[in-house]
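Engineer: See entry.tsv below, with TSV, C-alpha atoms and all ligand atoms.
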chain	number	residue	atom	x	y	z
A	1	MET	CA	25.36	97.53	57.98
A	2	THR	CA	22.52	99.70	59.31
A	3	LYS	CA	20.95	101.64	56.49
A	4	ALA	CA	21.04	105.41	57.02
A	5	PRO	CA	17.76	107.28	56.51
A	6	GLU	CA	17.54	108.75	53.04
A	7	ARG	CA	17.95	112.48	52.62
A	8	GLN	CA	14.91	114.25	51.19
A	9	SER	CA	14.60	117.54	49.35
A	10	ASP	CA	11.50	119.68	48.77
A	11	THR	CA	12.48	120.16	45.13
A	12	SER	CA	13.73	117.74	42.52
A	13	VAL	CA	17.37	117.41	43.59
A	14	GLU	CA	18.86	114.29	41.98
A	15	ARG	CA	19.27	111.19	44.18
A	16	LEU	CA	22.94	111.07	43.17
A	17	ILE	CA	23.44	114.40	44.94
A	18	LEU	CA	21.32	113.57	48.00
A	19	ASP	CA	22.91	110.15	48.46
A	20	ARG	CA	26.51	111.39	48.58
A	21	TRP	CA	27.66	111.88	52.12
A	22	SER	CA	30.94	111.62	54.01
A	23	PRO	CA	31.17	108.51	56.19
A	24	ARG	CA	34.12	107.63	58.41
A	25	ALA	CA	33.62	103.86	58.59
A	26	PHE	CA	35.53	102.13	55.81
A	27	THR	CA	36.19	98.50	54.99
A	28	PRO	CA	39.81	98.15	53.94
A	29	ALA	CA	39.76	97.21	50.26
A	30	PRO	CA	42.20	97.76	47.45
A	31	ILE	CA	41.18	100.07	44.62
A	32	ALA	CA	42.48	99.51	41.13
A	33	GLU	CA	44.42	102.43	39.75
A	34	ALA	CA	42.20	102.51	36.66
A	35	GLU	CA	39.07	102.83	38.81
A	36	LEU	CA	40.54	105.64	40.88
A	37	LEU	CA	41.68	107.42	37.73
A	38	ALA	CA	38.15	107.15	36.33
A	39	PHE	CA	36.92	109.14	39.38
A	40	LEU	CA	39.65	111.74	38.93
A	41	ASP	CA	38.73	111.94	35.24
A	42	ALA	CA	35.28	113.19	36.32
A	43	GLY	CA	37.02	116.09	38.08
A	44	ARG	CA	38.68	117.04	34.83
A	45	TRP	CA	35.25	118.00	33.45
A	46	ALA	CA	34.54	120.67	36.04
A	47	PRO	CA	34.12	124.26	34.88
A	48	SER	CA	36.95	126.69	35.68
A	49	ALA	CA	37.70	130.34	35.05
A	50	TYR	CA	39.05	130.73	31.49
A	51	ASN	CA	39.00	126.90	31.37
A	52	SER	CA	42.31	127.17	33.20
A	53	GLN	CA	41.83	123.76	34.93
A	54	PRO	CA	44.00	124.73	37.90
A	55	TRP	CA	43.33	121.47	39.83
A	56	ARG	CA	45.94	118.80	40.37
A	57	PHE	CA	45.20	115.44	42.04
A	58	ILE	CA	48.05	113.65	43.79
A	59	TYR	CA	47.07	110.22	45.00
A	60	ALA	CA	48.20	107.17	46.92
A	61	ARG	CA	46.40	103.85	47.02
A	62	ARG	CA	46.24	101.38	49.87
A	63	ASP	CA	48.87	98.62	49.59
A	64	THR	CA	51.25	100.85	47.63
A	65	PRO	CA	54.53	102.27	48.96
A	66	GLU	CA	53.15	105.84	49.24
A	67	TRP	CA	50.06	104.94	51.29
A	68	GLU	CA	51.47	105.23	54.83
A	69	ARG	CA	53.36	108.40	53.94
A	70	PHE	CA	50.20	110.09	52.62
A	71	LEU	CA	48.24	108.98	55.71
A	72	SER	CA	50.93	110.25	58.09
A	73	TRP	CA	50.18	113.89	57.23
A	74	LEU	CA	46.60	113.65	58.52
A	75	ILE	CA	45.79	114.95	61.98
A	76	PRO	CA	45.35	112.06	64.45
A	77	PHE	CA	41.54	112.38	64.41
A	78	ASN	CA	41.40	111.89	60.63
A	79	HIS	CA	44.19	109.31	60.59
A	80	GLY	CA	42.19	107.17	63.01
A	81	TRP	CA	39.42	106.45	60.51
A	82	ALA	CA	41.04	107.23	57.13
A	83	GLN	CA	43.64	104.49	57.60
A	84	HIS	CA	40.91	101.95	56.75
A	85	ALA	CA	40.11	103.56	53.39
A	86	SER	CA	41.43	102.69	49.94
A	87	ALA	CA	42.88	105.89	48.51
A	88	LEU	CA	43.90	109.35	49.57
A	89	VAL	CA	43.90	112.14	47.00
A	90	TYR	CA	45.43	115.53	47.83
A	91	ILE	CA	43.91	118.34	45.79
A	92	ALA	CA	46.17	121.21	44.84
A	93	SER	CA	45.50	124.15	42.55
A	94	HIS	CA	47.65	126.47	40.47
A	95	THR	CA	47.47	129.95	42.00
A	96	VAL	CA	48.55	131.72	38.82
A	97	MET	CA	47.50	131.61	35.17
A	98	GLY	CA	49.47	132.21	32.03
A	99	GLY	CA	53.17	131.55	31.90
A	100	GLY	CA	55.06	130.74	28.74
A	101	GLN	CA	55.74	134.10	27.07
A	102	ALA	CA	53.18	135.94	29.21
A	103	GLU	CA	53.86	137.07	32.76
A	104	PRO	CA	51.80	134.81	35.09
A	105	VAL	CA	48.83	136.57	36.69
A	106	PRO	CA	47.01	135.58	39.90
A	107	ALA	CA	44.18	133.08	39.44
A	108	PRO	CA	41.68	134.30	42.05
A	109	THR	CA	39.30	131.36	41.55
A	110	HIS	CA	41.81	128.50	41.70
A	111	ALA	CA	40.39	127.09	44.95
A	112	PHE	CA	36.78	127.56	43.79
A	113	ASP	CA	37.58	125.66	40.59
A	114	ALA	CA	39.36	122.87	42.48
A	115	GLY	CA	36.34	122.59	44.80
A	116	ALA	CA	34.08	122.08	41.79
A	117	ALA	CA	36.39	119.35	40.49
A	118	SER	CA	36.41	117.72	43.91
A	119	VAL	CA	32.60	117.50	43.98
A	120	LEU	CA	32.48	115.88	40.56
A	121	ILE	CA	35.00	113.26	41.71
A	122	GLN	CA	32.88	112.57	44.78
A	123	LEU	CA	29.70	112.18	42.74
A	124	GLN	CA	31.37	109.91	40.19
A	125	ALA	CA	32.77	107.71	42.97
A	126	SER	CA	29.43	107.66	44.77
A	127	LYS	CA	27.65	106.57	41.60
A	128	ALA	CA	30.16	103.70	41.31
A	129	GLY	CA	29.42	102.54	44.87
A	130	TRP	CA	32.43	104.08	46.61
A	131	ALA	CA	32.31	106.47	49.56
A	132	THR	CA	34.34	109.67	49.75
A	133	HIS	CA	35.15	112.01	52.60
A	134	PRO	CA	36.86	115.39	52.03
A	135	VAL	CA	39.35	116.47	54.71
A	136	SER	CA	41.39	119.58	55.40
A	137	GLY	CA	42.63	118.28	58.74
A	138	PHE	CA	46.24	117.52	57.87
A	139	ASP	CA	49.57	119.23	58.38
A	140	HIS	CA	49.54	121.42	55.30
A	141	GLU	CA	53.22	122.35	55.42
A	142	VAL	CA	54.46	118.77	55.87
A	143	ALA	CA	52.08	117.52	53.17
A	144	ARG	CA	53.19	120.26	50.75
A	145	SER	CA	56.75	119.29	51.26
A	146	GLY	CA	56.02	115.53	51.02
A	147	LEU	CA	54.15	116.09	47.77
A	148	GLU	CA	56.98	118.30	46.47
A	149	LEU	CA	54.41	120.92	45.55
A	150	PRO	CA	55.85	123.91	43.64
A	151	ASP	CA	55.47	127.31	45.37
A	152	ASP	CA	52.79	128.53	42.96
A	153	TYR	CA	50.40	125.71	43.90
A	154	ALA	CA	48.01	125.83	46.86
A	155	LEU	CA	47.15	122.69	48.78
A	156	ASN	CA	43.41	122.84	49.42
A	157	ALA	CA	42.11	119.59	50.83
A	158	ALA	CA	42.24	115.84	50.38
A	159	LEU	CA	39.67	113.19	49.52
A	160	VAL	CA	39.52	109.93	51.41
A	161	ILE	CA	37.98	107.26	49.16
A	162	GLY	CA	36.95	103.76	50.15
A	163	ARG	CA	34.25	101.16	50.55
A	164	GLN	CA	31.85	102.17	53.29
A	165	GLY	CA	32.08	99.98	56.38
A	166	ASP	CA	29.94	99.29	59.41
A	167	ALA	CA	29.54	102.17	61.85
A	168	GLN	CA	29.86	99.66	64.69
A	169	ALA	CA	33.57	99.38	63.85
A	170	LEU	CA	34.10	103.07	64.72
A	171	PRO	CA	35.07	104.29	68.17
A	172	GLU	CA	31.97	105.07	70.22
A	173	SER	CA	32.55	108.83	69.97
A	174	LEU	CA	32.12	108.67	66.18
A	175	ARG	CA	29.34	106.12	65.90
A	176	GLY	CA	26.52	108.55	66.64
A	177	ARG	CA	27.76	110.97	63.95
A	178	GLU	CA	27.88	108.29	61.24
A	179	ALA	CA	24.81	109.39	59.29
A	180	PRO	CA	23.98	111.79	56.46
A	181	SER	CA	23.81	115.34	57.81
A	182	GLY	CA	21.06	117.86	57.16
A	183	ARG	CA	21.22	121.24	55.50
A	184	LYS	CA	20.04	124.80	56.13
A	185	PRO	CA	16.70	125.57	54.49
A	186	LEU	CA	16.91	127.04	50.99
A	187	GLY	CA	15.28	130.26	52.21
A	188	GLU	CA	18.24	130.86	54.52
A	189	ILE	CA	20.83	130.78	51.75
A	190	ALA	CA	19.16	131.83	48.48
A	191	PHE	CA	18.04	135.45	48.02
A	192	ALA	CA	16.37	137.23	45.12
A	193	GLY	CA	17.96	140.55	44.24
A	194	ARG	CA	19.99	141.44	47.30
A	195	PHE	CA	21.34	140.17	50.56
A	196	PRO	CA	18.57	140.33	53.15
A	197	VAL	CA	18.62	142.79	56.02
A	198	THR	CA	19.10	140.84	59.24
A	199	GLY	CA	18.81	141.69	62.91
A	200	ALA	CA	21.73	142.92	65.00
A	201	ASP	CA	22.97	139.39	65.64
A	202	GLY	CA	23.16	138.64	61.89
B	301	LIG	C1	37.04	121.39	52.64
B	301	LIG	C2	36.50	120.36	53.60
B	301	LIG	C3	37.25	119.97	54.68
B	301	LIG	C4	36.79	118.97	55.55
B	301	LIG	N1	37.60	118.53	56.56
B	301	LIG	C5	37.21	117.48	57.31
B	301	LIG	C6	38.12	116.91	58.24
B	301	LIG	O1	39.28	117.32	58.37
B	301	LIG	N2	37.68	115.85	58.98
B	301	LIG	C7	36.42	115.34	58.85
B	301	LIG	O2	36.09	114.38	59.56
B	301	LIG	N3	35.53	115.86	57.96
B	301	LIG	C8	35.91	116.91	57.17
B	301	LIG	N4	35.05	117.42	56.21
B	301	LIG	C9	33.72	116.81	56.02
B	301	LIG	C10	32.57	117.74	56.40
B	301	LIG	O3	32.47	117.79	57.80
B	301	LIG	C11	31.29	117.24	55.74
B	301	LIG	O4	31.43	117.32	54.34
B	301	LIG	C12	30.08	118.08	56.16
B	301	LIG	O5	29.81	117.89	57.53
B	301	LIG	C13	28.83	117.74	55.37
B	301	LIG	O6	28.55	116.37	55.49
B	301	LIG	P1	28.39	115.40	54.22
B	301	LIG	O7	29.65	115.54	53.40
B	301	LIG	O8	28.26	114.04	54.84
B	301	LIG	O9	27.19	115.83	53.46
B	301	LIG	C14	35.50	118.42	55.36
B	301	LIG	C15	34.73	118.84	54.26
B	301	LIG	C16	35.22	119.78	53.38
B	301	LIG	C17	34.39	120.18	52.19
Please, can you express the file's structure as structure tokens?
Structural biologist:
Amino acid sequence: MTKAPERQSDTSVERLILDRWSPRAFTPAPIAEAELLAFLDAGRWAPSAYNSQPWRFIYARRDTPEWERFLSWLIPFNHGWAQHASALVYIASHTVMGGGQAEPVPAPTHAFDAGAASVLIQLQASKAGWATHPVSGFDHEVARSGLELPDDYALNAALVIGRQGDAQALPESLRGREAPSGRKPLGEIAFAGRFPVTGADG
């Protein structure tokens, strides 16, 4: 496999963070349920508003009866490469808090919290030598129904998890994109005090 150039940062960002990226070339390999659950366990430790832990992870592993069904909800572009991965994890979040005796109230940060959990899962998997690729390109209505998601849960995204494969195995159109992407400079996204005044074209 050709080694991708390492990402660099001007500050002291941890290698674990810089080295996580989202490949599309996977080598079909089974993943043990215990190993997958250990990645999902990392997500459990994310912060959330009121420690409400609104995330839910619904998974299928390669070579299990649910695998093809979970894959079938992906748009064709994503299906093309994700079919070679080892697990697919749909990430839902509870849109309300409370319940029990109390009237449920909207949980405005449910998707933000689930996103935080998703990143921890990706970092844990990356540290263990697995690759992950988040996707939102799937038929959300069909997936909701297939997952039997209750009405008060949102379906946010899914994580494709697998062993990274050789880019040469990808269709030519994807081969050139199979490398860690760059980022906007810090000065473009971090502001002291207030949002900067920009020109007419923003
Ligand atoms: C919520 C979300 C949805 C995404 N959906 C897709 C997708 O449907 N298909 C895809 O190929 N990549 C998808 N991506 C991957 C992004 O394109 C990728 O994370 C981004 O380009 C940054 O690259 P990196 O993850 O390699 O650092 C998605 C990422 C996120 C966070």
Engineer: Which chains and residue numbers are within 8 Å of ligand LIG 301 (chain B), counting all atoms listed in the file, if I want them as a list of chain:residue names?
Structural biologist: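 The neighbouring residues of ligand LIG 301 (chain B) are, in order, A:Arg20, A:Trp21, A:Ser22, A:Pro23, A:Arg24, A:Ile75, A:Phe77, A:Asn78, A:Gly115, A:His133, A:Pro134, A:Val135, A:Ser136, A:Gly137, A:Phe138, A:Asn156, A:Ala157, A:Ala158, A:Ala179, A:Pro180, A:Ser181, A:Gly182.
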Engineer: Could you name the residues that touch His110 in chain A at 7 Å or less, counting only C-alpha atoms, but leaving out those on the same chain fewer than 4 positions away, as JSON, numbers by chain?
Structural biologist: {"A": [54, 93, 94, 95, 114]}
Engineer: What is the CA of Gly80 in chain A to CA of Leu40 in chain A distance in Å?
Structural biologist: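 If I compute the distance from CA of Gly80 in chain A to CA of Leu40 in chain A, I get 24.6 Å.
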Engineer: Using only C-alpha atoms and a cutoff of 12 Å, can you tell me which residues are near (50.6, 102.8, 47.4) in the file's coordinates, and write them out as a PyMOL selection string?
Structural biologist: chain A and resi 30-33+58-71+86-89
Engineer: Which one of A:Asp139, A:Phe195, A:Ile189, A:Ala38 sits closest to His79 in chain A if you count all atoms listed in the file?
Structural biologist: A:Asp139
Engineer: Kindly indicate which residue among A:Phe191, A:Ala46, A:Gln53, A:Ser126 lies nearest to Gly98 in chain A, using all atoms listed in the file for the distances.
Structural biologist: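 Of all the options, A:Gln53 lies closest to Gly98 in chain A.
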Engineer: Please list as a ChimeraX atom specification every residue within 10 Å of range 9-19 of chain A, counting only C-alpha atoms and excluding residues in the same chain fewer than 4 positions away.
Structural biologist: /A:4-5,119,122-124,126-127,180,183,185-186
Engineer: How many Å lie between CA of Tyr90 in chain A and CA of Asp152 in chain A, rounded to one decimal?
Structural biologist: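 Computing it gives 15.7 Å between the two atoms.
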Engineer: Report as lines of an AutoDock Vina configuration file the centre and the edge lengths, in Å to one decimal, of the axis-aligned box holding every listed atom of range 51-54 of chain A, padded by 4 Å on each side.
Structural biologist:
center_x = 41.5
center_y = 125.5
center_z = 34.6
size_x = 13.0
size_y = 11.4
size_z = 14.5
Engineer: For the atom pair CA of Gly162 in chain A and CA of Pro47 in chain A, what is the interatomic distance in Å to one decimal place?
Structural biologist: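 Straight-line distance from CA of Gly162 in chain A to CA of Pro47 in chain A works out to 25.7 Å.
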Engineer: Here is a test: counting only C-alpha atoms, which residue of A:Arg7, A:Thr132, A:Leu147, A:Phe57 is nearest to Arg44 in chain A?
Structural biologist: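 Residue with the minimum atom-to-atom distance to Arg44 in chain A: A:Phe57.
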Engineer: Mind listing whatever residues come within 12 Å of the point (34.3, 96.7, 59.2)? Use all atoms listed in the file, file coordinates, and give them as a compact mmCIF listing (two decimals) with C-alpha atoms, keeping the file's coordinate frame.
Structural biologist:
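Now in result-v4.txt:
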# COMPACT_ATOMS: atom_id res chain seq x y z
CA MET A 1 25.36 97.53 57.98
CA ARG A 24 34.12 107.63 58.41
CA ALA A 25 33.62 103.86 58.59
CA PHE A 26 35.53 102.13 55.81
CA THR A 27 36.19 98.50 54.99
CA PRO A 28 39.81 98.15 53.94
CA ALA A 29 39.76 97.21 50.26
CA TRP A 81 39.42 106.45 60.51
CA HIS A 84 40.91 101.95 56.75
CA ALA A 85 40.11 103.56 53.39
CA GLY A 162 36.95 103.76 50.15
CA ARG A 163 34.25 101.16 50.55
CA GLN A 164 31.85 102.17 53.29
CA GLY A 165 32.08 99.98 56.38
CA ASP A 166 29.94 99.29 59.41
CA ALA A 167 29.54 102.17 61.85
CA GLN A 168 29.86 99.66 64.69
CA ALA A 169 33.57 99.38 63.85
CA LEU A 170 34.10 103.07 64.72
CA PRO A 171 35.07 104.29 68.17
Engineer: If we count all atoms listed in the file, what is near range 142-145 of chain A at a cut-off of 9 Å, once residues fewer than 6 positions away on the same chain are taken out, given as a list of chain:residue names?
Structural biologist: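 Once the adjacent positions are removed, what remains is A:Phe70, A:Ser72, A:Trp73, A:Leu74, A:Tyr90, A:Ala154, A:Leu155.
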Engineer: With C-alpha atoms retained, write the just-selected residues as a PDB file, in the frame of the given file.
Structural biologist:
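Written output follows (selection_23.pdb):
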ATOM      1  CA  PHE A  70      50.200 110.090  52.620  1.00  0.00           C
ATOM      2  CA  SER A  72      50.930 110.250  58.090  1.00  0.00           C
ATOM      3  CA  TRP A  73      50.180 113.890  57.230  1.00  0.00           C
ATOM      4  CA  LEU A  74      46.600 113.650  58.520  1.00  0.00           C
ATOM      5  CA  TYR A  90      45.430 115.530  47.830  1.00  0.00           C
ATOM      6  CA  ALA A 154      48.010 125.830  46.860  1.00  0.00           C
ATOM      7  CA  LEU A 155      47.150 122.690  48.780  1.00  0.00           C
TER       8      LEU A 155
END
Engineer: With all atoms listed in the file as the basis for distance, which of A:Gln83, A:Ser173, A:Gln8, A:Ser48 is at the shortest distance from Phe112 in chain A?
Structural biologist: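 Counting all atoms listed in the file, the residue closest to Phe112 in chain A is A:Ser48.
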Engineer: With all atoms listed in the file as the atoms that count, which of A:Ala192, A:Ile161, A:Leu174, A:Ile91 lies nearest to Ala128 in chain A?
Structural biologist: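 Checking each candidate against Ala128 in chain A, we get A:Ile161 as the closest.
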Engineer: Go through A:Gly129, A:Pro106, A:Gly100, A:Gly187 one by one, measure the shortest atom-to-atom distance of each to Tyr153 in chain A using all atoms listed in the file, and give the residue with the smallest value.
Structural biologist: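 Of A:Gly129, A:Pro106, A:Gly100, A:Gly187, the one nearest Tyr153 in chain A, counting all atoms listed in the file, is A:Pro106.
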